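Text of target.pdb, listed as PDB, C-alpha atoms, pLDDT in the B column:
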ATOM      1  CA  MET A   1      63.212 115.490 116.436  1.00 48.00           C
ATOM      2  CA  SER A   2      59.905 115.427 114.602  1.00 73.00           C
ATOM      3  CA  ALA A   3      56.539 114.940 116.281  1.00 92.00           C
ATOM      4  CA  LEU A   4      55.198 111.420 115.851  1.00 96.00           C
ATOM      5  CA  LEU A   5      51.842 112.317 117.423  1.00 97.00           C
ATOM      6  CA  SER A   6      50.280 115.725 116.782  1.00 97.00           C
ATOM      7  CA  VAL A   7      46.922 116.987 118.018  1.00 97.00           C
ATOM      8  CA  GLU A   8      45.683 120.299 116.672  1.00 96.00           C
ATOM      9  CA  HIS A   9      42.909 122.389 118.257  1.00 97.00           C
ATOM     10  CA  LEU A  10      40.931 119.355 119.430  1.00 97.00           C
ATOM     11  CA  SER A  11      37.534 119.776 121.090  1.00 97.00           C
ATOM     12  CA  CYS A  12      35.372 116.832 122.134  1.00 96.00           C
ATOM     13  CA  GLY A  13      32.897 115.594 124.700  1.00 94.00           C
ATOM     14  CA  TYR A  14      29.758 113.563 125.195  1.00 92.00           C
ATOM     15  CA  GLY A  15      26.673 114.532 123.249  1.00 87.00           C
ATOM     16  CA  ARG A  16      26.202 118.273 123.504  1.00 87.00           C
ATOM     17  CA  GLN A  17      28.496 118.591 126.509  1.00 92.00           C
ATOM     18  CA  GLU A  18      31.960 119.665 125.437  1.00 95.00           C
ATOM     19  CA  ILE A  19      34.595 118.431 127.907  1.00 96.00           C
ATOM     20  CA  VAL A  20      37.869 119.169 126.106  1.00 97.00           C
ATOM     21  CA  HIS A  21      38.362 122.628 124.617  1.00 96.00           C
ATOM     22  CA  ASP A  22      40.797 123.517 121.820  1.00 97.00           C
ATOM     23  CA  VAL A  23      43.686 121.282 122.941  1.00 97.00           C
ATOM     24  CA  SER A  24      46.899 121.082 120.929  1.00 97.00           C
ATOM     25  CA  LEU A  25      49.838 118.844 121.824  1.00 97.00           C
ATOM     26  CA  SER A  26      52.654 116.862 120.263  1.00 97.00           C
ATOM     27  CA  VAL A  27      54.788 113.882 121.294  1.00 97.00           C
ATOM     28  CA  GLU A  28      58.140 113.154 119.700  1.00 96.00           C
ATOM     29  CA  LYS A  29      59.645 109.802 118.719  1.00 96.00           C
ATOM     30  CA  GLY A  30      61.052 108.131 121.819  1.00 96.00           C
ATOM     31  CA  GLU A  31      59.321 110.607 124.132  1.00 97.00           C
ATOM     32  CA  PHE A  32      57.191 109.688 127.144  1.00 97.00           C
ATOM     33  CA  CYS A  33      54.684 112.425 128.060  1.00 98.00           C
ATOM     34  CA  ALA A  34      52.468 112.483 131.132  1.00 98.00           C
ATOM     35  CA  LEU A  35      49.018 114.061 131.190  1.00 98.00           C
ATOM     36  CA  LEU A  36      48.305 115.281 134.722  1.00 97.00           C
ATOM     37  CA  GLY A  37      45.126 116.747 136.187  1.00 96.00           C
ATOM     38  CA  LEU A  38      42.459 116.273 138.820  1.00 95.00           C
ATOM     39  CA  ASN A  39      39.474 113.972 138.337  1.00 93.00           C
ATOM     40  CA  GLY A  40      37.003 115.340 135.799  1.00 93.00           C
ATOM     41  CA  CYS A  41      39.462 117.641 134.016  1.00 95.00           C
ATOM     42  CA  GLY A  42      39.127 115.756 130.705  1.00 96.00           C
ATOM     43  CA  LYS A  43      42.179 113.466 130.568  1.00 96.00           C
ATOM     44  CA  THR A  44      40.258 110.284 129.705  1.00 95.00           C
ATOM     45  CA  THR A  45      38.003 112.097 127.237  1.00 96.00           C
ATOM     46  CA  LEU A  46      41.021 113.560 125.449  1.00 97.00           C
ATOM     47  CA  ILE A  47      42.840 110.231 125.148  1.00 96.00           C
ATOM     48  CA  LYS A  48      39.733 108.394 123.950  1.00 95.00           C
ATOM     49  CA  SER A  49      39.157 111.016 121.282  1.00 95.00           C
ATOM     50  CA  ILE A  50      42.735 110.887 120.054  1.00 96.00           C
ATOM     51  CA  CYS A  51      42.538 107.114 119.550  1.00 93.00           C
ATOM     52  CA  GLY A  52      39.121 107.242 117.887  1.00 92.00           C
ATOM     53  CA  LEU A  53      36.916 105.886 120.673  1.00 92.00           C
ATOM     54  CA  LEU A  54      35.041 109.183 120.957  1.00 93.00           C
ATOM     55  CA  PRO A  55      34.115 111.499 118.077  1.00 92.00           C
ATOM     56  CA  ILE A  56      36.076 114.701 117.628  1.00 93.00           C
ATOM     57  CA  GLU A  57      33.898 117.790 117.382  1.00 93.00           C
ATOM     58  CA  GLN A  58      36.693 120.022 116.139  1.00 95.00           C
ATOM     59  CA  GLY A  59      40.383 119.647 115.316  1.00 96.00           C
ATOM     60  CA  ARG A  60      42.637 116.979 113.815  1.00 96.00           C
ATOM     61  CA  CYS A  61      45.004 114.199 114.948  1.00 96.00           C
ATOM     62  CA  PHE A  62      48.130 113.164 113.038  1.00 96.00           C
ATOM     63  CA  VAL A  63      50.512 110.206 113.351  1.00 96.00           C
ATOM     64  CA  ASP A  64      53.817 110.736 111.587  1.00 94.00           C
ATOM     65  CA  GLY A  65      52.191 113.459 109.492  1.00 93.00           C
ATOM     66  CA  GLU A  66      49.202 111.343 108.430  1.00 94.00           C
ATOM     67  CA  ASP A  67      45.740 112.632 109.299  1.00 95.00           C
ATOM     68  CA  CYS A  68      44.108 109.944 111.459  1.00 93.00           C
ATOM     69  CA  THR A  69      41.003 111.849 112.490  1.00 89.00           C
ATOM     70  CA  ASP A  70      38.531 109.949 110.335  1.00 87.00           C
ATOM     71  CA  LEU A  71      40.127 106.496 110.212  1.00 91.00           C
ATOM     72  CA  ASN A  72      38.163 103.373 111.110  1.00 90.00           C
ATOM     73  CA  GLU A  73      38.909 101.190 114.136  1.00 89.00           C
ATOM     74  CA  ARG A  74      41.311  98.847 112.346  1.00 90.00           C
ATOM     75  CA  GLN A  75      43.203 101.718 110.738  1.00 92.00           C
ATOM     76  CA  HIS A  76      43.516 103.431 114.105  1.00 93.00           C
ATOM     77  CA  ALA A  77      44.862 100.240 115.678  1.00 93.00           C
ATOM     78  CA  LEU A  78      47.702 100.104 113.162  1.00 94.00           C
ATOM     79  CA  ARG A  79      48.832 103.553 114.273  1.00 96.00           C
ATOM     80  CA  MET A  80      47.821 103.824 117.935  1.00 96.00           C
ATOM     81  CA  SER A  81      47.510 101.370 120.799  1.00 95.00           C
ATOM     82  CA  TYR A  82      45.346 102.110 123.830  1.00 94.00           C
ATOM     83  CA  ILE A  83      45.432 100.852 127.408  1.00 92.00           C
ATOM     84  CA  PRO A  84      42.352 101.851 129.453  1.00 89.00           C
ATOM     85  CA  GLN A  85      42.029 102.227 133.232  1.00 85.00           C
ATOM     86  CA  ARG A  86      40.214  98.911 133.348  1.00 77.00           C
ATOM     87  CA  SER A  87      40.138  96.254 130.661  1.00 75.00           C
ATOM     88  CA  SER A  88      36.849  95.100 129.169  1.00 75.00           C
ATOM     89  CA  PRO A  89      35.448  91.803 130.503  1.00 75.00           C
ATOM     90  CA  LEU A  90      36.688  88.843 128.470  1.00 82.00           C
ATOM     91  CA  PHE A  91      35.350  85.389 129.251  1.00 83.00           C
ATOM     92  CA  GLY A  92      36.497  82.011 128.002  1.00 85.00           C
ATOM     93  CA  LYS A  93      39.811  83.300 126.667  1.00 92.00           C
ATOM     94  CA  SER A  94      43.271  82.314 127.773  1.00 94.00           C
ATOM     95  CA  VAL A  95      45.894  84.892 128.642  1.00 95.00           C
ATOM     96  CA  LEU A  96      47.781  84.021 125.454  1.00 95.00           C
ATOM     97  CA  ASP A  97      44.608  84.480 123.372  1.00 95.00           C
ATOM     98  CA  VAL A  98      44.154  87.970 124.814  1.00 95.00           C
ATOM     99  CA  VAL A  99      47.732  88.939 123.940  1.00 95.00           C
ATOM    100  CA  LEU A 100      47.301  87.551 120.422  1.00 96.00           C
ATOM    101  CA  MET A 101      44.406  89.983 119.922  1.00 94.00           C
ATOM    102  CA  GLY A 102      47.113  92.606 119.474  1.00 94.00           C
ATOM    103  CA  TYR A 103      47.713  91.207 115.985  1.00 94.00           C
ATOM    104  CA  ASN A 104      44.085  91.562 114.825  1.00 91.00           C
ATOM    105  CA  ALA A 105      44.589  94.783 112.895  1.00 89.00           C
ATOM    106  CA  ARG A 106      47.423  93.220 110.882  1.00 88.00           C
ATOM    107  CA  LEU A 107      45.605  90.008 109.942  1.00 87.00           C
ATOM    108  CA  HIS A 108      43.411  89.443 106.907  1.00 80.00           C
ATOM    109  CA  LEU A 109      39.777  88.435 107.248  1.00 78.00           C
ATOM    110  CA  LEU A 110      39.514  84.927 108.802  1.00 76.00           C
ATOM    111  CA  GLU A 111      43.302  84.761 109.211  1.00 83.00           C
ATOM    112  CA  SER A 112      44.631  83.507 112.569  1.00 87.00           C
ATOM    113  CA  PRO A 113      47.926  84.393 114.271  1.00 90.00           C
ATOM    114  CA  GLY A 114      50.701  82.017 113.218  1.00 91.00           C
ATOM    115  CA  GLU A 115      53.433  80.329 115.202  1.00 92.00           C
ATOM    116  CA  LEU A 116      55.729  83.367 115.053  1.00 94.00           C
ATOM    117  CA  CYS A 117      52.938  85.517 116.533  1.00 93.00           C
ATOM    118  CA  ARG A 118      52.462  82.995 119.344  1.00 94.00           C
ATOM    119  CA  LEU A 119      56.174  82.990 120.115  1.00 94.00           C
ATOM    120  CA  GLN A 120      56.285  86.791 120.197  1.00 94.00           C
ATOM    121  CA  ALA A 121      53.197  86.906 122.427  1.00 95.00           C
ATOM    122  CA  ALA A 122      54.797  84.436 124.846  1.00 95.00           C
ATOM    123  CA  GLU A 123      57.972  86.547 124.887  1.00 94.00           C
ATOM    124  CA  ALA A 124      55.929  89.659 125.714  1.00 93.00           C
ATOM    125  CA  LEU A 125      54.351  87.827 128.666  1.00 94.00           C
ATOM    126  CA  ASP A 126      57.782  86.722 129.866  1.00 93.00           C
ATOM    127  CA  ARG A 127      59.081  90.318 129.706  1.00 89.00           C
ATOM    128  CA  LEU A 128      56.308  91.384 132.083  1.00 89.00           C
ATOM    129  CA  GLY A 129      56.863  88.588 134.587  1.00 88.00           C
ATOM    130  CA  LEU A 130      53.821  86.588 133.478  1.00 90.00           C
ATOM    131  CA  HIS A 131      55.673  83.422 132.588  1.00 83.00           C
ATOM    132  CA  GLY A 132      53.493  80.399 133.244  1.00 88.00           C
ATOM    133  CA  LEU A 133      50.171  82.257 132.925  1.00 93.00           C
ATOM    134  CA  ALA A 134      49.727  81.840 129.172  1.00 94.00           C
ATOM    135  CA  ARG A 135      47.121  79.076 129.535  1.00 94.00           C
ATOM    136  CA  ARG A 136      45.254  80.650 132.457  1.00 95.00           C
ATOM    137  CA  ASP A 137      41.713  81.912 131.959  1.00 94.00           C
ATOM    138  CA  TYR A 138      42.088  85.685 131.632  1.00 93.00           C
ATOM    139  CA  ALA A 139      38.882  86.276 133.621  1.00 92.00           C
ATOM    140  CA  THR A 140      40.409  84.630 136.714  1.00 93.00           C
ATOM    141  CA  LEU A 141      43.331  87.058 136.968  1.00 91.00           C
ATOM    142  CA  SER A 142      43.580  89.930 139.418  1.00 88.00           C
ATOM    143  CA  GLU A 143      42.992  93.423 138.043  1.00 85.00           C
ATOM    144  CA  GLY A 144      46.698  94.134 138.233  1.00 86.00           C
ATOM    145  CA  GLN A 145      47.565  90.969 136.318  1.00 89.00           C
ATOM    146  CA  LYS A 146      44.961  91.836 133.690  1.00 90.00           C
ATOM    147  CA  GLN A 147      46.592  95.219 133.129  1.00 88.00           C
ATOM    148  CA  LEU A 148      49.948  93.549 132.619  1.00 90.00           C
ATOM    149  CA  VAL A 149      48.374  91.221 130.041  1.00 93.00           C
ATOM    150  CA  ILE A 150      46.864  94.224 128.223  1.00 92.00           C
ATOM    151  CA  LEU A 151      50.298  95.843 128.194  1.00 91.00           C
ATOM    152  CA  ALA A 152      51.717  92.656 126.634  1.00 94.00           C
ATOM    153  CA  ARG A 153      48.961  92.862 124.002  1.00 94.00           C
ATOM    154  CA  THR A 154      49.954  96.472 123.343  1.00 93.00           C
ATOM    155  CA  LEU A 155      53.602  95.498 122.877  1.00 92.00           C
ATOM    156  CA  VAL A 156      52.788  92.941 120.177  1.00 94.00           C
ATOM    157  CA  GLN A 157      50.346  95.350 118.525  1.00 94.00           C
ATOM    158  CA  ASP A 158      53.471  97.347 117.668  1.00 92.00           C
ATOM    159  CA  ALA A 159      51.716 100.643 116.908  1.00 95.00           C
ATOM    160  CA  PRO A 160      54.016 103.687 116.703  1.00 96.00           C
ATOM    161  CA  VAL A 161      51.922 105.646 119.242  1.00 97.00           C
ATOM    162  CA  MET A 162      51.033 104.290 122.696  1.00 96.00           C
ATOM    163  CA  LEU A 163      48.105 105.928 124.510  1.00 97.00           C
ATOM    164  CA  MET A 164      47.559 104.948 128.155  1.00 96.00           C
ATOM    165  CA  ASP A 165      44.807 106.062 130.519  1.00 94.00           C
ATOM    166  CA  GLU A 166      45.990 105.456 134.092  1.00 91.00           C
ATOM    167  CA  PRO A 167      47.123 101.896 133.268  1.00 87.00           C
ATOM    168  CA  ASP A 168      48.843 101.677 136.656  1.00 85.00           C
ATOM    169  CA  SER A 169      45.693 102.293 138.727  1.00 83.00           C
ATOM    170  CA  ALA A 170      45.268  98.598 139.662  1.00 81.00           C
ATOM    171  CA  LEU A 171      48.968  97.846 140.104  1.00 86.00           C
ATOM    172  CA  ASP A 172      50.942  97.586 143.320  1.00 88.00           C
ATOM    173  CA  PHE A 173      54.096  99.650 143.812  1.00 90.00           C
ATOM    174  CA  VAL A 174      56.486  97.007 142.454  1.00 89.00           C
ATOM    175  CA  ASN A 175      54.450  96.302 139.310  1.00 86.00           C
ATOM    176  CA  ARG A 176      53.754  99.985 138.765  1.00 89.00           C
ATOM    177  CA  THR A 177      57.452 100.838 138.691  1.00 90.00           C
ATOM    178  CA  MET A 178      58.163  97.812 136.504  1.00 88.00           C
ATOM    179  CA  VAL A 179      55.457  98.715 133.969  1.00 87.00           C
ATOM    180  CA  LEU A 180      56.424 102.376 133.702  1.00 92.00           C
ATOM    181  CA  ASP A 181      60.080 101.453 133.352  1.00 91.00           C
ATOM    182  CA  LYS A 182      59.346  98.911 130.592  1.00 89.00           C
ATOM    183  CA  VAL A 183      57.056 101.329 128.740  1.00 91.00           C
ATOM    184  CA  ARG A 184      59.755 103.999 128.835  1.00 93.00           C
ATOM    185  CA  ASN A 185      62.364 101.551 127.559  1.00 91.00           C
ATOM    186  CA  VAL A 186      60.104 100.440 124.682  1.00 90.00           C
ATOM    187  CA  LEU A 187      59.422 104.032 123.659  1.00 94.00           C
ATOM    188  CA  GLN A 188      63.084 104.980 123.699  1.00 94.00           C
ATOM    189  CA  SER A 189      64.503 101.832 122.098  1.00 92.00           C
ATOM    190  CA  GLN A 190      61.845 101.521 119.386  1.00 92.00           C
ATOM    191  CA  GLY A 191      61.232 105.201 118.676  1.00 94.00           C
ATOM    192  CA  ARG A 192      57.564 105.161 119.623  1.00 95.00           C
ATOM    193  CA  ALA A 193      55.627 108.082 121.129  1.00 97.00           C
ATOM    194  CA  GLY A 194      53.887 107.629 124.475  1.00 97.00           C
ATOM    195  CA  LEU A 195      51.135 109.681 126.115  1.00 98.00           C
ATOM    196  CA  ILE A 196      49.971 108.512 129.539  1.00 97.00           C
ATOM    197  CA  SER A 197      47.494 109.973 132.019  1.00 96.00           C
ATOM    198  CA  LEU A 198      48.563 109.520 135.635  1.00 95.00           C
ATOM    199  CA  HIS A 199      47.203 110.497 139.018  1.00 92.00           C
ATOM    200  CA  ASP A 200      50.528 110.506 140.828  1.00 94.00           C
ATOM    201  CA  PRO A 201      52.788 113.382 139.746  1.00 96.00           C
ATOM    202  CA  ASN A 202      55.766 111.745 141.435  1.00 96.00           C
ATOM    203  CA  PHE A 203      55.592 108.719 139.160  1.00 95.00           C
ATOM    204  CA  ALA A 204      55.169 111.069 136.203  1.00 96.00           C
ATOM    205  CA  MET A 205      58.294 112.999 137.165  1.00 96.00           C
ATOM    206  CA  ALA A 206      60.256 109.800 137.779  1.00 95.00           C
ATOM    207  CA  TYR A 207      59.511 108.166 134.424  1.00 96.00           C
ATOM    208  CA  CYS A 208      58.308 110.763 131.908  1.00 97.00           C
ATOM    209  CA  ASP A 209      60.175 113.340 129.860  1.00 97.00           C
ATOM    210  CA  ARG A 210      57.495 116.008 129.761  1.00 97.00           C
ATOM    211  CA  LEU A 211      54.405 116.972 131.755  1.00 98.00           C
ATOM    212  CA  LEU A 212      51.204 118.282 130.174  1.00 98.00           C
ATOM    213  CA  LEU A 213      49.054 119.837 132.885  1.00 98.00           C
ATOM    214  CA  MET A 214      45.299 119.832 132.324  1.00 97.00           C
ATOM    215  CA  LYS A 215      42.504 121.719 134.098  1.00 96.00           C
ATOM    216  CA  ASN A 216      38.907 122.440 133.068  1.00 95.00           C
ATOM    217  CA  GLY A 217      39.331 120.731 129.707  1.00 96.00           C
ATOM    218  CA  THR A 218      42.429 122.602 128.585  1.00 97.00           C
ATOM    219  CA  ILE A 219      46.181 122.074 128.771  1.00 97.00           C
ATOM    220  CA  GLY A 220      47.386 125.193 130.509  1.00 94.00           C
ATOM    221  CA  ARG A 221      50.966 124.337 131.440  1.00 95.00           C
ATOM    222  CA  GLU A 222      53.724 122.248 129.886  1.00 95.00           C
ATOM    223  CA  LEU A 223      57.052 121.299 131.424  1.00 95.00           C
ATOM    224  CA  THR A 224      60.139 119.562 130.039  1.00 96.00           C
ATOM    225  CA  LEU A 225      61.675 118.053 133.159  1.00 95.00           C
ATOM    226  CA  LYS A 226      65.340 117.930 132.096  1.00 93.00           C
ATOM    227  CA  ASP A 227      65.291 121.680 131.471  1.00 91.00           C
ATOM    228  CA  ALA A 228      63.179 122.715 134.475  1.00 94.00           C
ATOM    229  CA  SER A 229      64.267 124.167 137.798  1.00 94.00           C
ATOM    230  CA  ARG A 230      62.704 123.161 141.109  1.00 95.00           C
ATOM    231  CA  GLU A 231      60.913 126.510 141.233  1.00 95.00           C
ATOM    232  CA  GLU A 232      59.453 126.040 137.758  1.00 96.00           C
ATOM    233  CA  VAL A 233      58.219 122.550 138.627  1.00 96.00           C
ATOM    234  CA  ALA A 234      56.625 123.786 141.849  1.00 96.00           C
ATOM    235  CA  SER A 235      54.921 126.679 140.071  1.00 95.00           C
ATOM    236  CA  ALA A 236      53.508 124.430 137.356  1.00 96.00           C
ATOM    237  CA  LEU A 237      52.244 121.711 139.703  1.00 97.00           C
ATOM    238  CA  SER A 238      50.673 124.217 142.085  1.00 96.00           C
ATOM    239  CA  TRP A 239      48.442 125.348 139.197  1.00 96.00           C
ATOM    240  CA  ILE A 240      46.710 121.970 139.557  1.00 95.00           C
ATOM    241  CA  TYR A 241      47.358 120.816 143.116  1.00 95.00           C
ATOM    242  CA  GLY A 242      47.344 124.053 145.094  1.00 94.00           C
ATOM    243  CA  GLU A 243      49.765 124.499 147.988  1.00 94.00           C
ATOM    244  CA  ILE A 244      52.557 121.993 147.464  1.00 96.00           C
ATOM    245  CA  CYS A 245      56.311 121.802 147.859  1.00 95.00           C
ATOM    246  CA  VAL A 246      58.763 120.276 145.417  1.00 96.00           C
ATOM    247  CA  LEU A 247      61.976 118.693 146.640  1.00 95.00           C
ATOM    248  CA  GLU A 248      64.984 117.958 144.462  1.00 93.00           C
ATOM    249  CA  HIS A 249      67.399 115.080 145.007  1.00 87.00           C
ATOM    250  CA  GLN A 250      70.105 113.982 142.572  1.00 85.00           C
ATOM    251  CA  GLY A 251      68.375 115.674 139.662  1.00 84.00           C
ATOM    252  CA  ARG A 252      64.929 114.224 140.400  1.00 91.00           C
ATOM    253  CA  PHE A 253      61.869 116.043 141.710  1.00 95.00           C
ATOM    254  CA  VAL A 254      59.352 114.909 144.316  1.00 95.00           C
ATOM    255  CA  MET A 255      56.097 116.686 145.183  1.00 95.00           C
ATOM    256  CA  VAL A 256      54.866 116.773 148.798  1.00 95.00           C
ATOM    257  CA  HIS A 257      52.057 118.597 150.602  1.00 88.00           C
ATOM    258  CA  ALA A 258      53.028 122.053 151.806  1.00 78.00           C
TER     259      ALA A 258
END
Kindly return the structure encoded in the file as structure tokens.
Amino acid sequence: MSALLSVEHLSCGYGRQEIVHDVSLSVEKGEFCALLGLNGCGKTTLIKSICGLLPIEQGRCFVDGEDCTDLNERQHALRMSYIPQRSSPLFGKSVLDVVLMGYNARLHLLESPGELCRLQAAEALDRLGLHGLARRDYATLSEGQKQLVILARTLVQDAPVMLMDEPDSALDFVNRTMVLDKVRNVLQSQGRAGLISLHDPNFAMAYCDRLLLMKNGTIGRELTLKDASREEVASALSWIYGEICVLEHQGRFVMVHA
């Protein structure tokens, strides 16, 4: 397989404070990678810099071999979608209108989404269990519902790379498992590359193919789960979480406190 997303020696931060130091990573077509680390380690900063929301001080980002480091917002949106921890406030817009925003990068100036776009947006809502909410005011939804709507917007955006910064943080257990399962299926069936930051390593191990472990602004460990032993998983996770135990059941790993 060839890397769809490549990051080479990336350093970034806020003002003069460098948060992420010389990070390199790659994500293959159809691969779902989890970025794990404690609060403040640089996960959000790294993802925002990759998708162009923060300036890169050093290094380059590539999508399917194309250098995307200096692209504008619209050009980035054609290549990468982004789901934040919390969506920006949107007032006076219906749920369907918010999903249709996923087409903005593909429309010409003053062009509006057509009937086919509206049908596809409605289908994306249906896939996420939001049938019947299309006409609701987006601002009246719960935080969890809003995140599902943003995921629907990401699906219709149809960018080859999906970047997600703890998109499950406002979701209950049922919706969290549903969202991660649907994201994984989209990545695999459509050959997209997915990079997601998560707080819960157990969800990462249940749904992702590879773990990238981050501490103090660097990625210090990397683990391909299908090839890893229980001992290797425990050693890698303890680098971040300290004294932990890893259990194995039917080929799946679960982390618990030691």
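The space separating CA of Tyr241 (chain A) from CA of Val179 (chain A) comes to 25.3 Å.
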Margin query: From (35.7, 118.2, 116.1), in the file's coordinates, out to 10 Å: which residues are reached, counting only C-alpha atoms? Answer as a list in words.
Written below: His9, Leu10, Ser11, Cys12, Gly13, His21, Asp22, Ser49, Pro55, Ile56, Glu57, Gln58, Gly59, Arg60 and Thr69 of chain A
Next, dump the selected residues to file, keeping only C-alpha atoms, as an mmCIF file, in the coordinates of the input.
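Ended up saving to out-v8.cif:
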data_model
loop_
_atom_site.group_PDB
_atom_site.id
_atom_site.type_symbol
_atom_site.label_atom_id
_atom_site.label_comp_id
_atom_site.auth_asym_id
_atom_site.auth_seq_id
_atom_site.Cartn_x
_atom_site.Cartn_y
_atom_site.Cartn_z
ATOM 1 C CA HIS A 9 42.909 122.389 118.257
ATOM 2 C CA LEU A 10 40.931 119.355 119.430
ATOM 3 C CA SER A 11 37.534 119.776 121.090
ATOM 4 C CA CYS A 12 35.372 116.832 122.134
ATOM 5 C CA GLY A 13 32.897 115.594 124.700
ATOM 6 C CA HIS A 21 38.362 122.628 124.617
ATOM 7 C CA ASP A 22 40.797 123.517 121.820
ATOM 8 C CA SER A 49 39.157 111.016 121.282
ATOM 9 C CA PRO A 55 34.115 111.499 118.077
ATOM 10 C CA ILE A 56 36.076 114.701 117.628
ATOM 11 C CA GLU A 57 33.898 117.790 117.382
ATOM 12 C CA GLN A 58 36.693 120.022 116.139
ATOM 13 C CA GLY A 59 40.383 119.647 115.316
ATOM 14 C CA ARG A 60 42.637 116.979 113.815
ATOM 15 C CA THR A 69 41.003 111.849 112.490
#
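Every residue that the PyMOL selection byres ((chain A and resi 106-115) around 12) selects in this file is listed here: Arg74, Gln75, His76, Ala77, Leu78, Arg79, Leu96, Asp97, Val98, Val99, Leu100, Met101, Gly102, Tyr103, Asn104, Ala105, Leu116, Cys117, Arg118, Leu119, Gln120, Ala121, Ala122, Val156, Gln157, Asp158 and Ala159 of chain A.
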Could you spell out the hits of the PyMOL selection byres ((chain A and resi 90) around 12) on the shown file, as an mmCIF file with C-alpha atoms, in the frame of the given file?
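Written output follows (selection-v3.cif):
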data_model
loop_
_atom_site.group_PDB
_atom_site.id
_atom_site.type_symbol
_atom_site.label_atom_id
_atom_site.label_comp_id
_atom_site.auth_asym_id
_atom_site.auth_seq_id
_atom_site.Cartn_x
_atom_site.Cartn_y
_atom_site.Cartn_z
ATOM 1 C CA ARG A 86 40.214 98.911 133.348
ATOM 2 C CA SER A 87 40.138 96.254 130.661
ATOM 3 C CA SER A 88 36.849 95.100 129.169
ATOM 4 C CA PRO A 89 35.448 91.803 130.503
ATOM 5 C CA PHE A 91 35.350 85.389 129.251
ATOM 6 C CA GLY A 92 36.497 82.011 128.002
ATOM 7 C CA LYS A 93 39.811 83.300 126.667
ATOM 8 C CA SER A 94 43.271 82.314 127.773
ATOM 9 C CA VAL A 95 45.894 84.892 128.642
ATOM 10 C CA ASP A 97 44.608 84.480 123.372
ATOM 11 C CA VAL A 98 44.154 87.970 124.814
ATOM 12 C CA VAL A 99 47.732 88.939 123.940
ATOM 13 C CA MET A 101 44.406 89.983 119.922
ATOM 14 C CA ASP A 137 41.713 81.912 131.959
ATOM 15 C CA TYR A 138 42.088 85.685 131.632
ATOM 16 C CA ALA A 139 38.882 86.276 133.621
ATOM 17 C CA THR A 140 40.409 84.630 136.714
ATOM 18 C CA LEU A 141 43.331 87.058 136.968
ATOM 19 C CA LYS A 146 44.961 91.836 133.690
ATOM 20 C CA ILE A 150 46.864 94.224 128.223
#
Spatial neighbours of Asp227 (chain A), max dist 12 Å, all atoms listed in the file, sep filter under 2 positions, as a short mmCIF file (atom, residue, chain, number, x, y, z; two decimals) with C-alpha atoms, keeping the file's coordinate frame:
data_model
loop_
_atom_site.label_atom_id
_atom_site.label_comp_id
_atom_site.auth_asym_id
_atom_site.auth_seq_id
_atom_site.Cartn_x
_atom_site.Cartn_y
_atom_site.Cartn_z
CA ASP A 209 60.18 113.34 129.86
CA ARG A 210 57.50 116.01 129.76
CA LEU A 211 54.40 116.97 131.76
CA GLU A 222 53.72 122.25 129.89
CA LEU A 223 57.05 121.30 131.42
CA THR A 224 60.14 119.56 130.04
CA LEU A 225 61.68 118.05 133.16
CA SER A 229 64.27 124.17 137.80
CA ARG A 230 62.70 123.16 141.11
CA GLU A 231 60.91 126.51 141.23
CA GLU A 232 59.45 126.04 137.76
CA VAL A 233 58.22 122.55 138.63
CA GLY A 251 68.38 115.67 139.66
CA ARG A 252 64.93 114.22 140.40
#
Do you know which residues are at most 10 Å from region 164-177 of chain A counting only C-alpha atoms, after dropping those on the same chain fewer than 5 positions away, and could you put them as an mmCIF file with C-alpha atoms, keeping the file's coordinate frame?
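So out01.cif came out as:
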data_model
loop_
_atom_site.group_PDB
_atom_site.id
_atom_site.type_symbol
_atom_site.label_atom_id
_atom_site.label_comp_id
_atom_site.auth_asym_id
_atom_site.auth_seq_id
_atom_site.Cartn_x
_atom_site.Cartn_y
_atom_site.Cartn_z
ATOM 1 C CA ALA A 34 52.468 112.483 131.132
ATOM 2 C CA LEU A 35 49.018 114.061 131.190
ATOM 3 C CA LYS A 43 42.179 113.466 130.568
ATOM 4 C CA THR A 44 40.258 110.284 129.705
ATOM 5 C CA THR A 45 38.003 112.097 127.237
ATOM 6 C CA LEU A 46 41.021 113.560 125.449
ATOM 7 C CA ILE A 47 42.840 110.231 125.148
ATOM 8 C CA LYS A 48 39.733 108.394 123.950
ATOM 9 C CA SER A 81 47.510 101.370 120.799
ATOM 10 C CA TYR A 82 45.346 102.110 123.830
ATOM 11 C CA ILE A 83 45.432 100.852 127.408
ATOM 12 C CA PRO A 84 42.352 101.851 129.453
ATOM 13 C CA GLN A 85 42.029 102.227 133.232
ATOM 14 C CA ARG A 86 40.214 98.911 133.348
ATOM 15 C CA SER A 87 40.138 96.254 130.661
ATOM 16 C CA LEU A 128 56.308 91.384 132.083
ATOM 17 C CA GLY A 129 56.863 88.588 134.587
ATOM 18 C CA SER A 142 43.580 89.930 139.418
ATOM 19 C CA GLU A 143 42.992 93.423 138.043
ATOM 20 C CA GLY A 144 46.698 94.134 138.233
ATOM 21 C CA GLN A 145 47.565 90.969 136.318
ATOM 22 C CA LYS A 146 44.961 91.836 133.690
ATOM 23 C CA GLN A 147 46.592 95.219 133.129
ATOM 24 C CA LEU A 148 49.948 93.549 132.619
ATOM 25 C CA ILE A 150 46.864 94.224 128.223
ATOM 26 C CA LEU A 151 50.298 95.843 128.194
ATOM 27 C CA LYS A 182 59.346 98.911 130.592
ATOM 28 C CA VAL A 183 57.056 101.329 128.740
ATOM 29 C CA GLY A 194 53.887 107.629 124.475
ATOM 30 C CA LEU A 195 51.135 109.681 126.115
ATOM 31 C CA ILE A 196 49.971 108.512 129.539
ATOM 32 C CA SER A 197 47.494 109.973 132.019
ATOM 33 C CA LEU A 198 48.563 109.520 135.635
ATOM 34 C CA HIS A 199 47.203 110.497 139.018
ATOM 35 C CA ASP A 200 50.528 110.506 140.828
ATOM 36 C CA PHE A 203 55.592 108.719 139.160
ATOM 37 C CA ALA A 206 60.256 109.800 137.779
ATOM 38 C CA TYR A 207 59.511 108.166 134.424
#
